[in-house]
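Notes follow the structure.
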Amino acid sequence: MSRRRRAGRSRCYKMRDTSKYSIERRAYAATRSFLRALGVRRTPAKNHSRKLKILTNVQTSTVAGISRVMTSFADYISSAVPDVELVRCSVSAMPSAGMSLWEETPGCAKEVRTFSYTGTLPNLGEVLKTSASVDDVSAAFSSLTEAFRLMLIKERPDIVLANGTYIVPLCLVTAAHALHIPIVLYYHGSLTKETEHWKEPKARKILRSMEAAFNKTGIRYVFPSVLIKDFVEQHVLGRKLYQKNAVVLPNPIPEEFFSVTIRSSRRRIGFVGRWTRIKNTAFLERFVEINHKAGTPFDIYVLTDPASRERAGKILHDRVRFVRPRSESAGLASFYSGMSAIICPSHFETYGNVAQEAVASGTPAYVSKNMGVAEIFEKVGLDKLIVNFDEPRGVFQRLQDDVDLTISDAVRQALQKEVGATIVHKKLLDYISI
C-alpha cells in the first residue's frame, strides 16, 4: 500500500473516531467492560404484556347465526381462556334512556363484558330511500361511528373483530380503521348475494357498495366456508386474497348439541330460520301444501322469530306448528333431538349452523349444495343429506323413505373433531393473535 493511501486511510479513521457515533461506542464498550469486571451480567427484560383485548359487535337475535357463534365464543373465553378479554358492543334499534352512549351490562364475567348502545338510530330502510350512495348512508349513521370511536379510545383494544357486512359493523370498522387499530372481519353473510333478487336497483347498488366498503388496507378475513370465500373474491373484492390475510374456519358447535339425549320421535319435520327469500320459503310453502294433502302427513314445526312468524302465519296458517326461539343451546338441542328430520332448503347460505347442530343432536338435516355447511357434511360422510330442493315432491318422498334414518355416534364424533366449539374457537384466537 502506498504512503499516500495509508495517510488517507489514517485521516478517515481519525474522522470516524471523533464522530459522535464512535465516542458513544467507546463509552458503551468501556462501561460494559467495567460492569463485567464487577461480575454484573445483562438479564432479559421482564415481559409485562397484558391480556389480549378484543372488541367486537354482537347481535341480540336468538335465531341469527352471528349471535349464536359469538355467544359460543364468549362462553369459551370466559371459561377456558384467562389471558383474553372480550368487549362486546350490542346495538339495538330500540334506544334506552342511558346517561352515556354505552351502558355496561351488570353481572358479566370480567373476561367478557357487554355494552349496549343507548343512542337513537335511523331506520336503514328509510335511509336507503333518501340516499344516493353508501356515503349518504354512512353520514346518516355517523353518530354510531362516533360512538364506536369513543368506545375504542376508552377501551384501547388490541384488535377489532367485526361481525357481518351490514351498517353496524361498517361503522365499527370505519372507526377502528381511522384509529389504526388492527381489524379482522368475520364474514357471516354477503349483502351482495342476499339482495341480488331486490327489485329496487338503487337500494341494491348501495348495499353492494356497503359490502365493498369493507375492502380496506390491512383488514384480515375469516370465512366460514370456501363457498363464501370464492364468492367474495369474485363478486365483491374482484381479487384473490393472500393466504396470510384470509382463513376458512367453519362455524362452531357448542357441546350441548353433542351431549343432548337423543329421542326416538318420528314423523316430525323441523324448519329453523328467518322467513326470507334467501331461505327458500317458496319451497317450504309448497312442501307444506304437499304434506297437508298426503295420506300420512308429517307434523311440521317452524322455529322462527316473532316478525317472521307473523309473515309466515299468513301463508302457512294452521298447517304447521310455530315454535318460539330458544335462547340457550340446550333448549335448541332438545328441539332438534325431538325431530325426525330438519330441512334447510336455502338458495344460498354462507354456512348453515342449523344443519350441523341438528346432526350433532342426532337428527338428519337435509341441505342444499349452495350452503357452506355442505363442505363439512362431505368431510364427515354425510353426502346423502345434500339434496336438490327444486322438486318439493321428490324431497317429500325422500323424507318418507328416510323416516327411520338416524345419525350414528361415529358420525357425531367425526363432526365434533371438525367443528367442536373448543377446536374452532382456539383456531380463531390463534388467527386473531397473529
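Here, A, B, ... name the chains of the C-alpha cells in the order displayed, residue numbers run from 1 inside each chain, and ligands are numbered from 1 in the same displayed order.
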
**Q.** For Asn123 (chain A): contacts at 10 Å, only C-alpha atoms, fewer than 3 positions along chain excluded, given as a ChimeraX atom specification
**A.** /A:93,120,126-128,140-141

Restricted to N, CA and C atoms, what would the selected residues look like written as a PDB file, in the first residue's frame?
```
ATOM      1  N   ALA A  93     -82.073  -1.426  17.772  1.00  0.00           N
ATOM      2  CA  ALA A  93     -82.861  -0.350  17.157  1.00  0.00           C
ATOM      3  C   ALA A  93     -83.680   0.413  18.191  1.00  0.00           C
ATOM      4  N   THR A 120     -80.006   6.858  19.599  1.00  0.00           N
ATOM      5  CA  THR A 120     -81.030   6.562  18.602  1.00  0.00           C
ATOM      6  C   THR A 120     -80.375   6.244  17.262  1.00  0.00           C
ATOM      7  N   GLU A 126     -85.551   3.391   5.544  1.00  0.00           N
ATOM      8  CA  GLU A 126     -85.898   4.779   5.224  1.00  0.00           C
ATOM      9  C   GLU A 126     -84.678   5.541   4.718  1.00  0.00           C
ATOM     10  N   VAL A 127     -83.518   5.241   5.304  1.00  0.00           N
ATOM     11  CA  VAL A 127     -82.284   5.906   4.867  1.00  0.00           C
ATOM     12  C   VAL A 127     -81.971   5.553   3.415  1.00  0.00           C
ATOM     13  N   LEU A 128     -82.175   4.295   3.051  1.00  0.00           N
ATOM     14  CA  LEU A 128     -81.897   3.862   1.682  1.00  0.00           C
ATOM     15  C   LEU A 128     -82.769   4.600   0.672  1.00  0.00           C
ATOM     16  N   ALA A 140     -75.675   9.197   7.566  1.00  0.00           N
ATOM     17  CA  ALA A 140     -76.874   9.064   8.397  1.00  0.00           C
ATOM     18  C   ALA A 140     -76.582   8.325   9.696  1.00  0.00           C
ATOM     19  N   PHE A 141     -75.561   7.455   9.661  1.00  0.00           N
ATOM     20  CA  PHE A 141     -75.197   6.674  10.852  1.00  0.00           C
ATOM     21  C   PHE A 141     -73.892   7.175  11.475  1.00  0.00           C
TER      22      PHE A 141
END
```

Q: Mind listing the strand (DSSP E or B) residues of region 131-178 of chain A, per DSSP on the backbone, as a PyMOL selection string?
A: chain A and resi 159-163

Go ahead and write the selection's residues with N, CA and C atoms as an mmCIF file, in the first residue's frame.
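Generated output (result20.cif):
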```cif
data_model
loop_
_atom_site.group_PDB
_atom_site.id
_atom_site.type_symbol
_atom_site.label_atom_id
_atom_site.label_comp_id
_atom_site.auth_asym_id
_atom_site.auth_seq_id
_atom_site.Cartn_x
_atom_site.Cartn_y
_atom_site.Cartn_z
ATOM 1 N N ILE A 159 -57.260 -5.507 19.096
ATOM 2 C CA ILE A 159 -57.787 -5.841 17.778
ATOM 3 C C ILE A 159 -59.307 -5.728 17.791
ATOM 4 N N VAL A 160 -59.882 -5.413 16.644
ATOM 5 C CA VAL A 160 -61.333 -5.352 16.484
ATOM 6 C C VAL A 160 -61.775 -6.549 15.645
ATOM 7 N N LEU A 161 -62.748 -7.285 16.149
ATOM 8 C CA LEU A 161 -63.353 -8.399 15.420
ATOM 9 C C LEU A 161 -64.737 -7.954 14.979
ATOM 10 N N ALA A 162 -64.868 -7.595 13.700
ATOM 11 C CA ALA A 162 -66.137 -7.104 13.166
ATOM 12 C C ALA A 162 -66.949 -8.265 12.611
ATOM 13 N N ASN A 163 -68.217 -8.332 12.993
ATOM 14 C CA ASN A 163 -69.083 -9.436 12.569
ATOM 15 C C ASN A 163 -70.115 -8.960 11.563
#
```

**Q.** Gap from CA of Val112 (chain A) to CA of Pro157 (chain A) - Å, one decimal
**A.** 13.0 Å

Residues of region 227-297 of chain A that have any atom at most 10 Å from an atom of region 207-214 of chain A: could you tabulate them with the shortest-distance atom pair and the distance in Å to one decimal, using only C-alpha atoms, ordered by chain and increasing number, as CSV?
```
residue,atom,partner,partner_atom,distance
A:Val232,CA,A:Ala212,CA,9.4
A:His235,CA,A:Ala212,CA,9.6
A:Val236,CA,A:Ala212,CA,5.9
A:Leu237,CA,A:Ala212,CA,6.7
A:Gly238,CA,A:Ala212,CA,9.8
```

Could you turn the residues from that selection into a file that holds C-alpha atoms, as a PDB file, in the first residue's frame?
```
ATOM      1  CA  VAL A 232     -66.498 -12.638  -2.155  1.00  0.00           C
ATOM      2  CA  HIS A 235     -68.041 -10.720  -6.912  1.00  0.00           C
ATOM      3  CA  VAL A 236     -67.126  -8.277  -4.128  1.00  0.00           C
ATOM      4  CA  LEU A 237     -63.363  -7.764  -3.947  1.00  0.00           C
ATOM      5  CA  GLY A 238     -62.540  -8.629  -7.532  1.00  0.00           C
TER       6      GLY A 238
END
```

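Each of A:Arg321, A:Pro306, A:Arg263, A:Gly295 was compared to Thr406 (chain A) using only C-alpha atoms, and A:Arg263 turns out to be the nearest.
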
(Q) Would you pick out the contacts of Arg326 (chain A) at 10 Å or less, using only C-alpha atoms, so that residues sharing its chain but fewer than 4 positions from it are not included, and give the list as JSON, numbers by chain? (A) {"A": [62, 63, 303, 304, 305, 330, 331, 332, 333, 334, 335]}

Q) Can you list every residue in region 201-299 of chain A that DSSP puts in alpha helix (DSSP H), as a ChimeraX atom specification? A) /A:201-212,226-232,255-259,281-293

Please produce an output containing C-alpha atoms for each residue in the selection, written as a PDB file, in the first residue's frame.
```
ATOM      1  CA  PRO A 201     -81.829  -1.154  -8.304  1.00  0.00           C
ATOM      2  CA  LYS A 202     -80.701   1.892  -6.293  1.00  0.00           C
ATOM      3  CA  ALA A 203     -81.012   0.174  -2.908  1.00  0.00           C
ATOM      4  CA  ARG A 204     -79.362  -2.967  -4.269  1.00  0.00           C
ATOM      5  CA  LYS A 205     -76.441  -0.937  -5.614  1.00  0.00           C
ATOM      6  CA  ILE A 206     -75.981   0.933  -2.338  1.00  0.00           C
ATOM      7  CA  LEU A 207     -75.913  -2.268  -0.278  1.00  0.00           C
ATOM      8  CA  ARG A 208     -73.396  -3.815  -2.631  1.00  0.00           C
ATOM      9  CA  SER A 209     -71.279  -0.697  -2.214  1.00  0.00           C
ATOM     10  CA  MET A 210     -71.670  -1.079   1.553  1.00  0.00           C
ATOM     11  CA  GLU A 211     -70.168  -4.557   1.411  1.00  0.00           C
ATOM     12  CA  ALA A 212     -67.371  -3.327  -0.874  1.00  0.00           C
ATOM     13  CA  VAL A 226     -64.798 -21.958   0.782  1.00  0.00           C
ATOM     14  CA  LEU A 227     -68.153 -21.232  -0.875  1.00  0.00           C
ATOM     15  CA  ILE A 228     -68.416 -17.711   0.561  1.00  0.00           C
ATOM     16  CA  LYS A 229     -64.682 -17.004   0.224  1.00  0.00           C
ATOM     17  CA  ASP A 230     -64.780 -17.751  -3.510  1.00  0.00           C
ATOM     18  CA  PHE A 231     -67.941 -15.669  -3.959  1.00  0.00           C
ATOM     19  CA  VAL A 232     -66.498 -12.638  -2.155  1.00  0.00           C
ATOM     20  CA  GLU A 255     -71.010 -29.052  23.474  1.00  0.00           C
ATOM     21  CA  GLU A 256     -74.728 -29.040  24.420  1.00  0.00           C
ATOM     22  CA  PHE A 257     -75.646 -30.363  20.964  1.00  0.00           C
ATOM     23  CA  PHE A 258     -73.363 -33.369  21.273  1.00  0.00           C
ATOM     24  CA  SER A 259     -74.450 -34.224  24.818  1.00  0.00           C
ATOM     25  CA  THR A 281     -89.530 -20.119   1.799  1.00  0.00           C
ATOM     26  CA  ALA A 282     -91.243 -20.824  -1.537  1.00  0.00           C
ATOM     27  CA  PHE A 283     -90.086 -24.440  -1.189  1.00  0.00           C
ATOM     28  CA  LEU A 284     -91.468 -24.631   2.316  1.00  0.00           C
ATOM     29  CA  GLU A 285     -94.854 -23.293   1.187  1.00  0.00           C
ATOM     30  CA  ARG A 286     -95.069 -25.987  -1.487  1.00  0.00           C
ATOM     31  CA  PHE A 287     -93.777 -28.682   0.860  1.00  0.00           C
ATOM     32  CA  VAL A 288     -96.410 -27.819   3.483  1.00  0.00           C
ATOM     33  CA  GLU A 289     -99.123 -27.990   0.845  1.00  0.00           C
ATOM     34  CA  ILE A 290     -97.960 -31.431  -0.351  1.00  0.00           C
ATOM     35  CA  ASN A 291     -97.744 -32.657   3.225  1.00  0.00           C
ATOM     36  CA  HIS A 292    -101.244 -31.375   4.004  1.00  0.00           C
ATOM     37  CA  LYS A 293    -102.709 -33.450   1.171  1.00  0.00           C
TER      38      LYS A 293
END
```

Residues at most 8 Å from region 250-252 of chain A, counting only C-alpha atoms, excluding those fewer than 5 positions away in the same chain, as a PDB file with C-alpha atoms, in the first residue's frame?
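Resulting contents of selection35.pdb:
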```
ATOM      1  CA  VAL A  69     -71.421 -18.051  17.069  1.00  0.00           C
ATOM      2  CA  SER A  72     -70.337 -19.588  21.983  1.00  0.00           C
ATOM      3  CA  PHE A 223     -64.723 -17.065   6.117  1.00  0.00           C
ATOM      4  CA  PRO A 224     -66.963 -19.899   7.364  1.00  0.00           C
ATOM      5  CA  SER A 225     -66.681 -21.763   4.056  1.00  0.00           C
ATOM      6  CA  TYR A 351     -72.588 -21.518   6.284  1.00  0.00           C
ATOM      7  CA  ASN A 353     -75.487 -23.580  11.703  1.00  0.00           C
ATOM      8  CA  VAL A 373     -72.024 -26.499   5.688  1.00  0.00           C
ATOM      9  CA  VAL A 419     -66.258 -28.240  14.253  1.00  0.00           C
ATOM     10  CA  GLY A 420     -66.455 -28.688  18.013  1.00  0.00           C
ATOM     11  CA  ALA A 421     -66.572 -25.276  19.710  1.00  0.00           C
ATOM     12  CA  THR A 422     -63.275 -25.642  21.582  1.00  0.00           C
ATOM     13  CA  VAL A 424     -62.849 -23.821  16.262  1.00  0.00           C
ATOM     14  CA  HIS A 425     -62.509 -21.072  18.872  1.00  0.00           C
TER      15      HIS A 425
END
```

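Excluding Val91 (chain A) itself and any same-chain residue fewer than 5 positions from it, the protein and nucleic acid residues within 10 Å of it, counting only C-alpha atoms, are Asn57, Val58, Gln59, Thr60, Trp102, Phe115, Ser116, Tyr117, Thr118, Gly119, Thr120, Leu121, Leu144, Val168 and Pro169 of chain A.
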
Residue subset to file, keeping C-alpha atoms, as a PDB file, in the first residue's frame:
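Dumped everything to result.pdb:
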```
ATOM      1  CA  ASN A  57     -70.078  -6.163  17.726  1.00  0.00           C
ATOM      2  CA  VAL A  58     -72.832  -8.630  18.608  1.00  0.00           C
ATOM      3  CA  GLN A  59     -76.465  -9.188  17.715  1.00  0.00           C
ATOM      4  CA  THR A  60     -79.320  -9.757  20.121  1.00  0.00           C
ATOM      5  CA  TRP A 102     -72.791   2.922  26.141  1.00  0.00           C
ATOM      6  CA  PHE A 115     -72.054  -2.753  26.441  1.00  0.00           C
ATOM      7  CA  SER A 116     -75.345  -1.644  24.921  1.00  0.00           C
ATOM      8  CA  TYR A 117     -75.636   1.421  22.712  1.00  0.00           C
ATOM      9  CA  THR A 118     -78.150   3.880  24.144  1.00  0.00           C
ATOM     10  CA  GLY A 119     -78.385   6.349  21.282  1.00  0.00           C
ATOM     11  CA  THR A 120     -81.030   6.562  18.602  1.00  0.00           C
ATOM     12  CA  LEU A 121     -80.573   5.064  15.156  1.00  0.00           C
ATOM     13  CA  LEU A 144     -72.901   5.437  15.713  1.00  0.00           C
ATOM     14  CA  VAL A 168     -73.318  -1.620  12.293  1.00  0.00           C
ATOM     15  CA  PRO A 169     -70.029  -3.452  11.596  1.00  0.00           C
TER      16      PRO A 169
END
```
